[in-house]
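Here's the structure we're looking at; comments come further down.
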Amino acid sequence: MNAFGLIFADSYDVALDKLTEHRTLAAVPFGGRYRVIDFTLSNLVNAGIRNIGIITTQKYDSLMNHVRAGAEWDLNRKSTGLTFLPPYSSEDIRKSVYENRLEAMQSNMAYIRNMREEYVIMTSCNYIGNVDFDKMLEYHISTGADITGLYTKNPHNKAGDIPSTEFIVEKDQTVSDVRITSDPAEGACIAANAYILKRQDLLEVLEHTIRENKTSFRRHVLIEAIERGYKFMAYEAPETLLFLDTISSYMKSNFELLDRGMRDELFYNEYRPVITKVKDSAPTKYASEAKATNSIIADGAVIEGEVRNSIIFRGVRVKKGAVVENCVLMQDVLVGEAARLNYAVLDKNVTINDCRMLSGYITHPFYVGHGENI
Amino acid sequence: MINKKQCVAMLLAGGQGSRLAPLTTHIAKPAVPFGARYRIIDFSLSNCVNSGIDTVGVLTQYQPLELNDYLGNGNAWDMNLRYGGLHVLPPYQAAHGADWFKGTANAIYQNINFIKRYDPDYVLILSGDHIYKMDYSIMLQEHIDNNADATIAVIDVPIEEASRFGIMSTNADGRITEFAEKPKHPKSTQASMGVYIFSTDALIKYLEEDEQDPDSQNDFGKNIIPNMLADGCRLFAYLFTGYWRDVGTLSSFWSTNMDAIGDLPDLWLNDPDWRIYYRHSFNPPQYVGQTAQVTHSICGDGNAIHGKVMSSVIFNNILIEPEAEIHDSIIMSGTMVGKGAKIEYAIVDRGAVIGEGAVIGGVKESNELTVIGKDVVISAGAVVQPGEVVTENR
């Protein structure tokens, strides 16, 4: 694979509010035993990519803890591998907090210059999917594109009130415009913020935008490319993309894993496994009174009460008589005896004391922040 | 800069485990899956890690391919170290010829250069086929305090079972006065666990002497320990009171697995202070379906459970179809249990397929454990009688 990967770990187009209050988007837990970055990294590694840079500006502590040297993805190699790209890493621009993707790349030109691969695959972490980037690169090369953007016409759980990037795609699959839309029309081509182009072209664009003091990837890179007559191709993801725009869409995307077809597509692709950091947790334990149906239940969880239609992360304990319904319970949540939860998203280490009742609605989940005690 | 190793462990993992057949037909006993996500050897290796021992020689011989793959470079146990760490030690060819390991003592003798290279003060000898959680550092401290040449870990067994073990008699200080291998009339109930700590010099001396003796069976229990006792060496018993099981037979393998389930299990796998490390396969979390009923059980990853599971140990990547029922059983990775199939008091080895409506085994009370071998396909509606061991498709 003659490409390296560039991951934007930060949350530029989402409104996950408290979920990303203490962590970057890439580190948001997902699907029982993963974090968002697991899908992104696995997609790139499964496409044969051996060099990956993760651009991150703030709150990257939990991300670094999770990914470390990338050993789980076989990225801890001698000559290639994973590079964290925090702020202040080079001389090109001196900005502590990048406000957008373009600034993030401008600040990390040294890394991009040092790579030897011909192409770069860059992607954000605002979607979950088992995306075959190898195929996308093949498409990029075979169409003779200068730049190729990933999109989907069926963005699962995209929130209408969050601005989306939309491609205007012509019959020949070229992109004629890139717009920001709220509430996009049915069948609109929603960009997933993943692009492929030549490394050399990217460097030239970055140098040019630095000279001209330009800061918008969409306006000053994508639209300018179209205006100058470059070949900008749209690549429609054959895979399902689950979006994470708001806490409600985050919850709904988690719940999609309760569908067998979705699980098969995401997890049971023989050559494209989703890899995550390992924890050496004990097996999932079901007590004599346990009742668990239609749920994802991760290892290390102890189920003594009732769980329905929920996503249960590692190390969660649901005590006797508790009823957990339509919930996402992150790592090490403790649900006390006879507590009742419905449409709640509980962040890591939350404690729900005995007999407490919390209820949200699918559009407005009850969110409880990291480590809180109710 | 290298760090001197105080204690190096030698883990005997070459045994065939023939009484565990057919589980051990294709793999060494220490590599047999255990407890929904582990292998038997994980317990000894995790004990080492948790006791602060980071250098382990694993002596392999029988069917080592899968065991070697599993051990890899030891990274799963944090033993991929620059100096020390996990080493797989197979039988090898040397200038004076080549030999299989003749007995437990000979296996260590053949790897004496491994011990000499690290030059530890103490050598811990372990078997790779026991399930237990033990802090070796406490035993080592006793060994040091006693100024012992060797310390043997013992557990208290019921007197009627004592004839199956190596039995120690000790004086008031815990010093061993007599050792009898599987005695007909046991004089004590202190049974050897197969866990020894030797002071390195004494170990090397007795291993070298033992090797010169053509009549020796080159076994720790039969030769080394009796010889040391005869010479008046300082041998001490270390009484271990925690959980320890020998999983030498199918029925003890079954019951030890069952010890890991329940609300207050004898074998507590969730212990945050004594983690059991293992090599992971990257499976998604498990899914329990609309029609699932899972109670009093432990389950691994990647499963899709739609049927009823009670009092069972379920490994990874298993599909249990609706209306299937599993009671008191061990279901290993990659198996498929068809719609309406019923499995009771059975061990189903990896990759087996149980057809729709098939009936495997019978009630636990019958005391007849049923075993379905690796990759065996049981066709729809077939019946496997209690106590059968099935290794061919039917």
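To be explicit about the labels: the chains of the structure tokens are called A, B, and onward in the order shown, and within each one the residues are counted from 1, while ligands get numbers from 1 in the order they are shown.
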All strand (DSSP E or B) positions in stretch 262-303 of chain A, as a PyMOL selection string: chain A and resi 284-286+291-293+295-297+302-303
Serialized selection, all heavy atoms, as a PDB file, in the first residue's frame:
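Everything below was put into again-v7.pdb:
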ATOM      1  N   THR A 284     -17.749 -12.513  30.610  1.00  0.00           N
ATOM      2  CA  THR A 284     -19.015 -11.934  31.065  1.00  0.00           C
ATOM      3  C   THR A 284     -19.685 -12.915  32.017  1.00  0.00           C
ATOM      4  O   THR A 284     -19.726 -14.111  31.744  1.00  0.00           O
ATOM      5  CB  THR A 284     -19.951 -11.722  29.865  1.00  0.00           C
ATOM      6  OG1 THR A 284     -19.207 -11.112  28.826  1.00  0.00           O
ATOM      7  CG2 THR A 284     -21.135 -10.862  30.234  1.00  0.00           C
ATOM      8  N   LYS A 285     -20.217 -12.375  33.096  1.00  0.00           N
ATOM      9  CA  LYS A 285     -20.797 -13.279  34.086  1.00  0.00           C
ATOM     10  C   LYS A 285     -22.292 -13.021  34.244  1.00  0.00           C
ATOM     11  O   LYS A 285     -22.722 -11.882  34.411  1.00  0.00           O
ATOM     12  CB  LYS A 285     -20.095 -13.039  35.402  1.00  0.00           C
ATOM     13  CG  LYS A 285     -20.452 -14.022  36.458  1.00  0.00           C
ATOM     14  CD  LYS A 285     -19.413 -13.944  37.534  1.00  0.00           C
ATOM     15  CE  LYS A 285     -20.074 -14.152  38.876  1.00  0.00           C
ATOM     16  NZ  LYS A 285     -19.106 -13.979  39.939  1.00  0.00           N
ATOM     17  N   TYR A 286     -23.066 -14.081  34.163  1.00  0.00           N
ATOM     18  CA  TYR A 286     -24.508 -13.985  34.364  1.00  0.00           C
ATOM     19  C   TYR A 286     -24.863 -14.694  35.665  1.00  0.00           C
ATOM     20  O   TYR A 286     -24.514 -15.860  35.845  1.00  0.00           O
ATOM     21  CB  TYR A 286     -25.259 -14.650  33.211  1.00  0.00           C
ATOM     22  CG  TYR A 286     -25.038 -13.953  31.894  1.00  0.00           C
ATOM     23  CD1 TYR A 286     -23.998 -14.327  31.060  1.00  0.00           C
ATOM     24  CD2 TYR A 286     -25.861 -12.903  31.509  1.00  0.00           C
ATOM     25  CE1 TYR A 286     -23.782 -13.673  29.856  1.00  0.00           C
ATOM     26  CE2 TYR A 286     -25.658 -12.255  30.308  1.00  0.00           C
ATOM     27  CZ  TYR A 286     -24.612 -12.640  29.486  1.00  0.00           C
ATOM     28  OH  TYR A 286     -24.405 -11.999  28.301  1.00  0.00           O
ATOM     29  N   LYS A 291     -31.378 -11.601  33.565  1.00  0.00           N
ATOM     30  CA  LYS A 291     -32.241 -11.655  32.387  1.00  0.00           C
ATOM     31  C   LYS A 291     -31.662 -10.673  31.399  1.00  0.00           C
ATOM     32  O   LYS A 291     -31.729  -9.461  31.609  1.00  0.00           O
ATOM     33  CB  LYS A 291     -33.659 -11.215  32.749  1.00  0.00           C
ATOM     34  CG  LYS A 291     -34.521 -12.303  33.311  1.00  0.00           C
ATOM     35  CD  LYS A 291     -35.946 -11.808  33.415  1.00  0.00           C
ATOM     36  CE  LYS A 291     -36.742 -12.724  34.325  1.00  0.00           C
ATOM     37  NZ  LYS A 291     -37.912 -12.022  34.872  1.00  0.00           N
ATOM     38  N   ALA A 292     -31.100 -11.173  30.334  1.00  0.00           N
ATOM     39  CA  ALA A 292     -30.520 -10.278  29.339  1.00  0.00           C
ATOM     40  C   ALA A 292     -31.058 -10.654  27.980  1.00  0.00           C
ATOM     41  O   ALA A 292     -30.969 -11.810  27.574  1.00  0.00           O
ATOM     42  CB  ALA A 292     -29.002 -10.378  29.355  1.00  0.00           C
ATOM     43  N   THR A 293     -31.645  -9.692  27.295  1.00  0.00           N
ATOM     44  CA  THR A 293     -32.130  -9.961  25.946  1.00  0.00           C
ATOM     45  C   THR A 293     -31.784  -8.801  25.029  1.00  0.00           C
ATOM     46  O   THR A 293     -31.687  -7.653  25.470  1.00  0.00           O
ATOM     47  CB  THR A 293     -33.667 -10.154  25.908  1.00  0.00           C
ATOM     48  OG1 THR A 293     -34.272  -9.061  26.585  1.00  0.00           O
ATOM     49  CG2 THR A 293     -34.082 -11.456  26.546  1.00  0.00           C
ATOM     50  N   SER A 295     -29.188  -7.536  23.572  1.00  0.00           N
ATOM     51  CA  SER A 295     -28.179  -6.595  24.058  1.00  0.00           C
ATOM     52  C   SER A 295     -26.796  -7.050  23.655  1.00  0.00           C
ATOM     53  O   SER A 295     -26.558  -8.222  23.399  1.00  0.00           O
ATOM     54  CB  SER A 295     -28.237  -6.497  25.587  1.00  0.00           C
ATOM     55  OG  SER A 295     -29.473  -5.973  25.994  1.00  0.00           O
ATOM     56  N   ILE A 296     -25.900  -6.066  23.605  1.00  0.00           N
ATOM     57  CA  ILE A 296     -24.476  -6.350  23.438  1.00  0.00           C
ATOM     58  C   ILE A 296     -23.864  -6.282  24.830  1.00  0.00           C
ATOM     59  O   ILE A 296     -24.042  -5.287  25.538  1.00  0.00           O
ATOM     60  CB  ILE A 296     -23.824  -5.260  22.561  1.00  0.00           C
ATOM     61  CG1 ILE A 296     -24.357  -5.329  21.138  1.00  0.00           C
ATOM     62  CG2 ILE A 296     -22.312  -5.339  22.611  1.00  0.00           C
ATOM     63  CD1 ILE A 296     -23.718  -6.362  20.275  1.00  0.00           C
ATOM     64  N   ILE A 297     -23.195  -7.338  25.222  1.00  0.00           N
ATOM     65  CA  ILE A 297     -22.643  -7.352  26.574  1.00  0.00           C
ATOM     66  C   ILE A 297     -21.166  -7.721  26.497  1.00  0.00           C
ATOM     67  O   ILE A 297     -20.806  -8.785  26.018  1.00  0.00           O
ATOM     68  CB  ILE A 297     -23.425  -8.333  27.460  1.00  0.00           C
ATOM     69  CG1 ILE A 297     -24.900  -7.904  27.459  1.00  0.00           C
ATOM     70  CG2 ILE A 297     -22.846  -8.342  28.869  1.00  0.00           C
ATOM     71  CD1 ILE A 297     -25.788  -8.639  28.381  1.00  0.00           C
ATOM     72  N   VAL A 302     -20.834  -7.936  34.793  1.00  0.00           N
ATOM     73  CA  VAL A 302     -21.527  -8.862  35.683  1.00  0.00           C
ATOM     74  C   VAL A 302     -23.003  -8.494  35.663  1.00  0.00           C
ATOM     75  O   VAL A 302     -23.382  -7.388  36.036  1.00  0.00           O
ATOM     76  CB  VAL A 302     -20.982  -8.771  37.123  1.00  0.00           C
ATOM     77  CG1 VAL A 302     -21.738  -9.718  38.039  1.00  0.00           C
ATOM     78  CG2 VAL A 302     -19.490  -9.084  37.143  1.00  0.00           C
ATOM     79  N   ILE A 303     -23.829  -9.408  35.178  1.00  0.00           N
ATOM     80  CA  ILE A 303     -25.262  -9.131  35.036  1.00  0.00           C
ATOM     81  C   ILE A 303     -26.016  -9.935  36.084  1.00  0.00           C
ATOM     82  O   ILE A 303     -26.047 -11.167  36.034  1.00  0.00           O
ATOM     83  CB  ILE A 303     -25.769  -9.512  33.616  1.00  0.00           C
ATOM     84  CG1 ILE A 303     -24.887  -8.885  32.531  1.00  0.00           C
ATOM     85  CG2 ILE A 303     -27.238  -9.112  33.456  1.00  0.00           C
ATOM     86  CD1 ILE A 303     -24.847  -7.386  32.519  1.00  0.00           C
TER      87      ILE A 303
END
Please find the residues of chain A near chain B - the criterion being any atom within 8 Å, counting only C-alpha atoms - and write them as a count of residues only. 31
Which is closest to B:His26 among B:Thr151, B:Ser251, B:Arg350, B:Leu124, if we use only C-alpha atoms?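 Smallest separation from B:His26 among the options: B:Arg350.
Among the candidates A:Gln331, A:Thr40, A:Thr56, A:Asn309, the residue lying nearest to A:Phe133 is A:Thr40 (atoms considered: only C-alpha atoms).
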